[in-house]
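**Q** Got a structure for you, entry.cif, holding mmCIF, C-alpha atoms.
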```cif
data_upload
#
loop_
_atom_site.label_atom_id
_atom_site.label_comp_id
_atom_site.auth_asym_id
_atom_site.auth_seq_id
_atom_site.Cartn_x
_atom_site.Cartn_y
_atom_site.Cartn_z
CA MET A 19 15.38 -10.20 -11.01
CA LYS A 20 14.73 -9.63 -7.32
CA TYR A 21 13.11 -6.30 -8.15
CA ILE A 22 10.38 -7.50 -10.46
CA LYS A 23 8.03 -8.15 -7.53
CA PHE A 24 8.15 -4.48 -6.59
CA PHE A 25 7.31 -3.56 -10.15
CA LEU A 26 4.31 -5.88 -10.11
CA VAL A 27 3.03 -4.58 -6.75
CA GLY A 28 3.50 -1.08 -8.18
CA ILE A 29 1.33 -2.00 -11.18
CA LEU A 30 -1.41 -3.15 -8.82
CA PHE A 31 -1.12 0.13 -6.89
CA GLY A 32 -1.22 2.23 -10.07
CA ILE A 33 -4.27 0.37 -11.34
CA VAL A 34 -6.23 0.78 -8.10
CA MET A 35 -5.29 4.47 -7.76
CA THR A 36 -6.56 5.06 -11.29
CA LYS A 37 -9.60 2.78 -11.35
CA ALA A 38 -10.96 4.04 -8.02
CA GLU A 39 -10.35 7.66 -9.12
CA ILE A 40 -8.11 8.29 -6.10
CA ILE A 41 -5.71 10.24 -8.32
CA SER A 42 -8.52 12.55 -9.40
CA TRP A 43 -8.16 16.12 -8.16
CA TYR A 44 -11.95 16.33 -8.16
CA ARG A 45 -12.33 13.38 -5.78
CA ILE A 46 -9.98 15.06 -3.30
CA TYR A 47 -11.87 18.34 -3.58
CA GLU A 48 -15.17 16.51 -3.07
CA MET A 49 -13.75 14.79 0.01
CA PHE A 50 -12.70 18.08 1.62
CA LYS A 51 -16.16 19.45 0.87
CA PHE A 52 -17.65 16.43 2.70
CA GLN A 53 -19.79 15.73 -0.35
CA SER A 54 -18.89 12.08 -0.86
CA PHE A 55 -18.09 9.02 1.23
CA HIS A 56 -15.87 7.50 -1.50
CA MET A 57 -12.42 8.64 -0.28
CA TYR A 58 -13.29 8.18 3.40
CA GLY A 59 -14.39 4.63 2.66
CA ILE A 60 -11.12 3.89 0.86
CA ILE A 61 -8.85 5.37 3.53
CA GLY A 62 -10.92 3.94 6.38
CA SER A 63 -11.09 0.39 5.03
CA ALA A 64 -7.39 0.42 4.08
CA ILE A 65 -6.46 1.47 7.62
CA ILE A 66 -8.73 -1.05 9.34
CA LEU A 67 -7.31 -3.91 7.25
CA GLY A 68 -3.84 -2.42 7.77
CA MET A 69 -4.31 -2.59 11.54
CA ILE A 70 -5.25 -6.25 11.25
CA SER A 71 -2.10 -7.03 9.26
CA MET A 72 0.05 -5.09 11.76
CA PHE A 73 -1.49 -7.23 14.51
CA LEU A 74 -0.52 -10.38 12.61
CA PHE A 75 3.04 -9.05 12.18
CA ARG A 76 3.32 -8.23 15.87
CA LYS A 77 2.05 -11.65 16.91
CA LYS A 78 4.59 -13.08 14.46
CA MET A 79 1.83 -14.94 12.63
CA VAL A 80 3.13 -13.46 9.38
CA ARG A 81 6.81 -13.20 8.46
CA THR A 82 8.57 -11.91 5.38
CA PHE A 83 9.05 -14.33 2.50
CA GLU A 84 12.63 -14.73 3.71
CA GLY A 85 11.34 -15.80 7.14
CA ASN A 86 12.33 -12.64 9.03
CA ASP A 87 10.10 -10.95 11.60
CA ILE A 88 8.29 -7.87 10.36
CA ASN A 89 9.06 -4.95 12.67
CA VAL A 90 7.42 -1.74 11.64
CA THR A 91 9.78 1.01 12.81
CA PRO A 92 7.84 4.10 13.86
CA LYS A 93 8.59 7.33 12.09
CA LYS A 94 10.34 10.26 13.78
CA ARG A 95 8.66 12.02 16.69
CA ASP A 96 8.86 15.77 16.54
CA TYR A 97 5.23 16.66 16.74
CA THR A 98 5.29 20.35 15.87
CA GLU A 99 7.46 19.71 12.84
CA ILE A 100 5.21 16.90 11.76
CA PHE A 101 2.09 18.97 12.22
CA TRP A 102 3.31 21.96 10.25
CA GLY A 103 4.89 19.84 7.58
CA ALA A 104 1.69 17.93 7.23
CA PHE A 105 -0.29 21.15 7.15
CA TYR A 106 1.76 22.28 4.20
CA LEU A 107 1.45 19.00 2.44
CA GLY A 108 -2.29 18.86 2.97
CA TRP A 109 -2.55 22.36 1.71
CA VAL A 110 -0.95 21.74 -1.62
CA GLY A 111 -1.25 18.01 -1.86
CA HIS A 112 -4.68 19.28 -2.56
CA MET B 6 -15.09 -7.48 -17.60
CA GLU B 7 -17.91 -4.98 -17.10
CA PHE B 8 -16.99 -4.94 -13.42
CA ILE B 9 -13.35 -4.12 -14.18
CA THR B 10 -14.01 -1.30 -16.64
CA GLN B 11 -16.45 0.51 -14.34
CA PRO B 12 -14.95 2.84 -11.72
CA TRP B 13 -14.03 0.72 -8.70
CA PRO B 14 -16.02 1.29 -5.49
CA TRP B 15 -14.33 2.17 -2.20
CA TYR B 16 -14.84 -1.29 -0.72
CA ILE B 17 -12.64 -2.75 -3.45
CA ALA B 18 -10.04 0.04 -3.49
CA GLY B 19 -9.41 0.22 0.28
CA PRO B 20 -8.70 -3.51 0.64
CA VAL B 21 -6.50 -3.51 -2.50
CA ILE B 22 -4.40 -0.67 -1.04
CA SER B 23 -3.95 -2.60 2.18
CA ILE B 24 -2.92 -5.64 0.10
CA VAL B 25 -0.26 -3.46 -1.56
CA MET B 26 1.00 -2.40 1.86
CA PHE B 27 0.90 -5.98 3.09
CA LEU B 28 2.87 -7.29 0.10
CA LEU B 29 5.57 -4.65 0.58
CA PHE B 30 5.93 -5.64 4.24
CA TYR B 31 5.98 -9.27 3.20
CA PHE B 32 8.89 -8.41 0.88
CA GLY B 33 10.59 -6.68 3.82
CA LYS B 34 9.86 -3.03 2.87
CA ARG B 35 7.69 -0.19 4.14
CA PHE B 36 5.11 1.42 1.86
CA GLY B 37 5.83 5.14 1.38
CA VAL B 38 5.70 7.16 -1.79
CA SER B 39 7.37 10.45 -0.83
CA SER B 40 10.68 8.82 0.24
CA ASN B 41 11.32 8.59 -3.48
CA LEU B 42 11.73 12.37 -3.57
CA GLU B 43 14.68 12.07 -1.17
CA THR B 44 16.14 9.24 -3.23
CA LEU B 45 15.88 11.34 -6.39
CA CYS B 46 17.63 14.24 -4.62
CA SER B 47 20.45 11.90 -3.65
CA ILE B 48 20.75 10.52 -7.17
CA GLY B 49 20.80 14.10 -8.47
CA GLY B 50 23.85 14.81 -6.33
CA ALA B 51 22.29 16.74 -3.42
CA GLY B 52 24.64 14.85 -1.08
CA LYS B 53 27.50 17.06 -2.28
CA PHE B 54 25.85 20.02 -0.58
CA ILE B 55 23.75 18.56 2.22
CA ASP B 56 24.77 15.65 4.43
CA TYR B 57 21.19 14.50 4.79
CA PHE B 58 21.25 13.32 1.19
CA LYS B 59 24.54 11.45 1.56
CA ILE B 60 22.92 8.06 1.51
CA ASP B 61 23.48 4.96 -0.50
CA TRP B 62 20.41 5.46 -2.66
CA LYS B 63 20.72 2.01 -4.18
CA GLN B 64 19.11 0.58 -1.04
CA ASN B 65 15.97 2.56 -1.95
CA SER B 66 15.91 1.56 -5.59
CA TRP B 67 13.14 -0.97 -4.89
CA ASN B 68 10.88 2.02 -4.19
CA LEU B 69 11.73 3.75 -7.48
CA ILE B 70 10.88 0.49 -9.21
CA PHE B 71 7.61 0.38 -7.27
CA ILE B 72 6.80 3.90 -8.54
CA ALA B 73 7.73 2.93 -12.10
CA GLY B 74 5.28 0.05 -11.69
CA SER B 75 2.61 2.47 -10.43
CA ILE B 76 3.00 4.68 -13.47
CA THR B 77 2.77 1.61 -15.68
CA GLY B 78 -0.31 0.45 -13.77
CA GLY B 79 -1.95 3.85 -14.22
CA PHE B 80 -1.27 3.64 -17.94
CA ILE B 81 -2.66 0.10 -18.17
CA ALA B 82 -5.79 1.13 -16.24
CA SER B 83 -6.50 4.19 -18.35
CA GLN B 84 -5.68 2.58 -21.71
CA TRP B 85 -7.20 -0.86 -21.39
CA LEU B 86 -9.29 -1.14 -18.24
CA SER B 87 -11.53 1.92 -18.59
CA THR B 88 -14.28 2.86 -21.00
CA SER B 89 -14.49 6.52 -19.96
CA ASP B 90 -12.64 8.93 -17.70
CA VAL B 91 -15.75 10.69 -16.40
CA VAL B 92 -15.74 11.02 -12.60
CA ALA B 93 -19.27 10.75 -11.20
CA LEU B 94 -19.04 13.57 -8.67
CA ASN B 95 -21.73 14.79 -6.31
CA PRO B 96 -23.75 17.30 -8.42
CA GLN B 97 -23.25 19.82 -5.60
CA THR B 98 -19.45 19.51 -6.02
CA VAL B 99 -19.81 20.27 -9.72
CA LYS B 100 -21.87 23.36 -8.89
CA ASP B 101 -19.43 24.52 -6.21
CA LEU B 102 -16.52 24.19 -8.63
CA ALA B 103 -18.38 26.04 -11.38
CA ALA B 104 -18.96 28.86 -8.89
CA ILE B 105 -15.21 29.30 -8.32
CA GLY B 106 -14.39 29.13 -12.02
CA ILE B 107 -13.68 25.45 -12.70
CA ALA B 108 -15.97 24.35 -15.49
CA ASN B 109 -17.05 20.81 -16.48
CA ALA B 110 -15.90 19.26 -13.20
CA GLY B 111 -15.75 15.48 -13.49
CA SER B 112 -15.58 15.32 -17.29
CA SER B 113 -12.04 14.00 -16.78
CA TYR B 114 -9.74 13.24 -13.83
CA LEU B 115 -8.13 16.67 -13.56
CA PRO B 116 -9.30 20.25 -14.18
CA ASP B 117 -7.80 21.87 -17.28
CA GLU B 118 -7.82 25.14 -15.32
CA ILE B 119 -4.83 23.82 -13.33
CA PHE B 120 -3.21 20.94 -15.19
CA SER B 121 -3.60 21.47 -18.95
CA ILE B 122 -0.54 22.29 -21.04
CA ASP B 123 -2.15 25.59 -22.04
CA THR B 124 -2.50 26.58 -18.38
CA MET B 125 1.07 25.56 -17.60
CA LEU B 126 2.28 27.95 -20.28
CA THR B 127 0.63 30.95 -18.61
CA ILE B 128 2.56 32.79 -15.90
CA LYS B 129 -0.07 32.15 -13.25
CA GLY B 130 -0.50 28.52 -14.20
CA PHE B 131 3.24 27.95 -14.29
CA PHE B 132 3.84 29.46 -10.86
CA THR B 133 0.84 27.71 -9.32
CA LEU B 134 2.37 24.36 -10.20
CA ILE B 135 5.96 25.31 -9.34
CA ILE B 136 4.95 26.64 -5.91
CA ALA B 137 2.76 23.61 -5.30
CA GLY B 138 5.66 21.32 -6.21
CA ILE B 139 8.05 23.10 -3.85
CA MET B 140 5.51 22.89 -1.04
CA VAL B 141 4.95 19.18 -1.62
CA GLY B 142 8.70 18.53 -1.37
CA PHE B 143 9.09 20.81 1.63
CA GLY B 144 6.03 19.49 3.46
CA SER B 145 6.71 15.81 2.95
CA ARG B 146 10.27 16.23 4.21
CA TRP B 147 9.18 18.35 7.19
CA ALA B 148 6.42 15.94 8.20
CA GLY B 149 8.59 12.90 7.45
CA GLY B 150 6.10 11.34 5.09
CA CYS B 151 3.03 11.73 2.94
CA THR B 152 -0.42 10.21 2.79
CA SER B 153 0.80 6.69 2.08
CA GLY B 154 3.49 6.53 4.77
CA HIS B 155 1.66 8.45 7.48
CA ALA B 156 -2.08 7.99 6.90
CA ILE B 157 -2.11 4.41 5.66
CA VAL B 158 0.95 2.74 7.23
CA GLY B 159 1.39 5.01 10.27
CA LEU B 160 -2.23 4.94 11.38
CA SER B 161 -2.43 1.19 10.80
CA ASN B 162 0.57 0.88 13.12
CA LEU B 163 -1.09 3.16 15.71
CA GLU B 164 1.69 5.77 15.56
CA LEU B 165 0.90 9.07 17.25
CA PRO B 166 3.05 11.16 14.84
CA SER B 167 1.00 9.79 11.98
CA LEU B 168 -2.26 10.73 13.67
CA ILE B 169 -0.94 14.25 14.15
CA SER B 170 0.23 14.42 10.56
CA VAL B 171 -3.13 13.23 9.25
CA ILE B 172 -4.87 15.92 11.31
CA GLY B 173 -2.40 18.37 9.77
CA PHE B 174 -3.06 17.13 6.21
CA PHE B 175 -6.73 17.50 6.86
CA ILE B 176 -6.64 21.02 8.27
CA GLY B 177 -4.35 22.02 5.39
CA GLY B 178 -6.64 20.47 2.81
CA LEU B 179 -9.74 22.06 4.33
CA THR B 180 -8.07 25.48 4.45
CA MET B 181 -7.11 25.17 0.81
CA THR B 182 -10.51 23.93 -0.31
CA TRP B 183 -12.69 26.34 1.64
CA PHE B 184 -10.60 29.51 1.81
CA ILE B 185 -7.67 29.64 -0.63
CA LEU B 186 -9.01 28.02 -3.82
CA PRO B 187 -11.89 30.48 -4.17
CA LEU B 188 -9.27 33.26 -4.07
CA ILE B 189 -6.96 31.69 -6.67
CA PHE B 190 -9.59 31.34 -9.40
#
```
Can the structure in the file be given as C-alpha cells, please?

**A**
Amino acid sequence: MKYIKFFLVGILFGIVMTKAEIISWYRIYEMFKFQSFHMYGIIGSAIILGMISMFLFRKKMVRTFEGNDINVTPKKRDYTEIFWGAFYLGWVGH
Amino acid sequence: MEFITQPWPWYIAGPVISIVMFLLFYFGKRFGVSSNLETLCSIGGAGKFIDYFKIDWKQNSWNLIFIAGSITGGFIASQWLSTSDVVALNPQTVKDLAAIGIANAGSSYLPDEIFSIDTMLTIKGFFTLIIAGIMVGFGSRWAGGCTSGHAIVGLSNLELPSLISVIGFFIGGLTMTWFILPLIF
C-alpha cells in the first residue's frame, strides 16, 4: 500500500483546514475585508516555514525517503495568462 | 483535549500546512489541489476531444488519494474533534454581511444564502454555484494552479509566476468582496 501515506497526509490536511476554519467562507470574506489577522497569519507562517524547507531541499540537507534530491520544478511562465487566470480564481474562489 | 476541540489558532495551522507540503515533497510529490481537476477531466475521457487531457492519469492518482484523505480528515474534524461549528468572526464582519443580506454570519462555516440545499434549488442559487464552479475550473487552468500550488508552494520556492498569481487572486477576491457581492444579494 504505497498510497496509504498520501491518504494519511490528506487526513492531516483536512483536519487542519477544518479546525482552523480555513474552509469557512466567512473567514475568507473577513480576510478580504481586512478585519482579521487569522488567514494572513496562516498563509504567512506556512510560506515562511515553506521557504525554510525549500532552502533545506536546495542545500540537499533533506532528500526524499527514497534518497532522491528534491527539485521543485517551477510552474509555467506566461505572466499575463497567470495574472488573469488568478484574477478569475480569486474572484470566485471567494 | 480541550485544546484540540477549540478552533485552532493561526500559529498552529500555518506550520501544520507547511508540514503537509514538506511531507509531500519528502514522498517525492508537489502539493497542489487543483491539479486534481485536470486528472478528473482525463479520467472522464476529456482526452478523446482535447490533447491536453491525454495523460496517463494513474501517475496523478496519489493526489486523488490525498484529496480523499482531506475529505476524510474534514469529516473526522467536524464529527469528533469539534464541539461547535461557530466561527468567531470580527463583529464588524458580521454587521457588514448583515448589511448585504447574509444573516447570522459565523453561526456555521458557510452561509445558507449561498450553500444550503434550499438555495441550490432556486434558479439564482443554482446558477451562482454553476457559474462559480466553471470559473474555478477555468481560472485554475489558466493560472496553472490554485492557492495551494501557487501561494503556498510557489511563494515558498520564490517563483515569480506565483507572486503574480497571488496578486491576481487578491485583486480578484477584493473586487468580489467589495464590489460584486453587494450587488448579488

**Q** Return the single residue from B:Gly111, B:Gly173, B:Gly130, B:Pro96 that is closest to B:Ala148, with distances computed using all atoms listed in the file.

**A** B:Gly173

**Q** Check what the PyMOL selection byres ((chain A and resi 64) around 7) selects in the file above and give those residues as a list in words.

**A**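 This file, filtered by the PyMOL selection byres ((chain A and resi 64) around 7), leaves Ile60, Ile61, Gly62, Ser63, Ile65, Ile66, Leu67 and Gly68 of chain A; Gly19, Pro20, Ile22, Ser23 and Ile157 of chain B.
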
**Q** With 7 Å as the cut-off and only C-alpha atoms counted, what is the closest atom pair between each nearby residue of chain B and chain A? Distances in Å to one decimal, ordered by chain and number, as a tab-separated table.

**A**
```
residue	atom	partner	partner_atom	distance
B:Pro12	CA	A:Lys37	CA	5.4
B:Trp13	CA	A:Ala38	CA	4.6
B:Pro14	CA	A:Ala38	CA	6.3
B:Trp15	CA	A:Ile60	CA	4.8
B:Tyr16	CA	A:Ile60	CA	6.6
B:Ala18	CA	A:Ile60	CA	5.9
B:Gly19	CA	A:Ile60	CA	4.1
B:Pro20	CA	A:Ala64	CA	5.4
B:Ile22	CA	A:Ala64	CA	6.0
B:Ser23	CA	A:Ala64	CA	5.0
B:Val25	CA	A:Val27	CA	6.2
B:Phe27	CA	A:Ser71	CA	6.9
B:Phe30	CA	A:Thr82	CA	6.9
B:Tyr31	CA	A:Thr82	CA	4.3
B:Phe32	CA	A:Thr82	CA	5.7
B:Gly33	CA	A:Thr82	CA	5.8
B:Trp67	CA	A:Tyr21	CA	6.2
B:Ile70	CA	A:Phe25	CA	5.5
B:Phe71	CA	A:Gly28	CA	4.5
B:Ile72	CA	A:Gly28	CA	6.0
B:Ala73	CA	A:Phe25	CA	6.8
B:Gly74	CA	A:Gly28	CA	4.1
B:Ser75	CA	A:Gly32	CA	3.9
B:Ile76	CA	A:Gly32	CA	5.9
B:Thr77	CA	A:Ile29	CA	5.9
B:Gly78	CA	A:Ile29	CA	3.9
B:Gly79	CA	A:Gly32	CA	4.5
B:Ala82	CA	A:Ile33	CA	5.2
B:Asn95	CA	A:Gln53	CA	6.3
B:Thr98	CA	A:Glu48	CA	6.0
B:Gly111	CA	A:Tyr44	CA	6.6
B:Tyr114	CA	A:Ser42	CA	4.6
B:Leu115	CA	A:Trp43	CA	5.4
B:Ala137	CA	A:Val110	CA	5.6
B:Met140	CA	A:Tyr106	CA	6.5
B:Val141	CA	A:Leu107	CA	5.4
B:Gly144	CA	A:Gly103	CA	4.3
B:Ser145	CA	A:Leu107	CA	6.2
B:Trp147	CA	A:Gly103	CA	4.6
B:Ala148	CA	A:Ile100	CA	3.9
B:Gly149	CA	A:Ile100	CA	6.8
B:Ile157	CA	A:Ile65	CA	5.6
B:Leu160	CA	A:Ile65	CA	6.6
B:Ser161	CA	A:Met69	CA	4.3
B:Asn162	CA	A:Met72	CA	6.1
B:Glu164	CA	A:Pro92	CA	6.6
B:Pro166	CA	A:Arg95	CA	6.0
B:Ile169	CA	A:Phe101	CA	5.9
B:Ser170	CA	A:Ala104	CA	5.1
B:Gly173	CA	A:Phe105	CA	4.4
B:Phe174	CA	A:Gly108	CA	3.8
B:Phe175	CA	A:Gly108	CA	6.1
B:Ile176	CA	A:Phe105	CA	6.4
B:Gly177	CA	A:Trp109	CA	4.1
B:Gly178	CA	A:Trp109	CA	4.6
B:Leu179	CA	A:Phe50	CA	5.7
B:Thr180	CA	A:Trp109	CA	6.9
B:Met181	CA	A:Trp109	CA	5.4
B:Thr182	CA	A:Phe50	CA	6.5
```

**Q** What does the structure give for the distance between atom CA of B:Asn68 and atom CA of A:Met19, in Å to one decimal?

**A** 14.7 Å

**Q** Work out how far atom CA of B:Thr10 is from atom CA of B:Ser87, in Å to one decimal.

**A**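 Here the two named atoms are 4.5 Å from each other.
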
**Q** Can you measure atom CA of B:Ile135 to atom CA of B:Pro116 for me? One decimal in Å is fine.

**A**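 Taking atom CA of B:Ile135 and atom CA of B:Pro116, their separation equals 16.8 Å.
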
**Q** Between B:Leu126, B:Glu7, B:Trp62, B:Val92, which is the closest to B:Ala110 once you count all atoms listed in the file?

**A**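 That would be B:Val92, the residue with the smallest distance to B:Ala110.
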
**Q** Hey, which of B:Val38, B:Ile24, B:Ile105, B:Met6 ends up closest to B:His155? Count all atoms listed in the file.

**A** B:Val38

**Q** May I have the centre and edge lengths, in Å to one decimal, of an axis-aligned box around the listed atoms of stretch 7-10 of chain B with 4 Å added to every side, as AutoDock Vina command-line options?

**A**
```
--center_x -15.6 --center_y -3.1 --center_z -15.3 --size_x 12.6 --size_y 11.7 --size_z 11.7
```

**Q** What would the selection look like, as a CSV table (one decimal) with C-alpha atoms, in the coordinates of the input, if the PyMOL selection byres ((chain B and resi 39) around 10) were run on the coordinates I just shared?

**A**
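File written: selection10.csv
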```
chain,number,residue,atom,x,y,z
B,36,PHE,CA,5.1,1.4,1.9
B,37,GLY,CA,5.8,5.1,1.4
B,38,VAL,CA,5.7,7.2,-1.8
B,40,SER,CA,10.7,8.8,0.2
B,41,ASN,CA,11.3,8.6,-3.5
B,42,LEU,CA,11.7,12.4,-3.6
B,43,GLU,CA,14.7,12.1,-1.2
B,44,THR,CA,16.1,9.2,-3.2
B,68,ASN,CA,10.9,2.0,-4.2
B,141,VAL,CA,5.0,19.2,-1.6
B,142,GLY,CA,8.7,18.5,-1.4
B,145,SER,CA,6.7,15.8,3.0
B,146,ARG,CA,10.3,16.2,4.2
B,149,GLY,CA,8.6,12.9,7.4
B,150,GLY,CA,6.1,11.3,5.1
B,151,CYS,CA,3.0,11.7,2.9
B,152,THR,CA,-0.4,10.2,2.8
B,153,SER,CA,0.8,6.7,2.1
B,154,GLY,CA,3.5,6.5,4.8
```
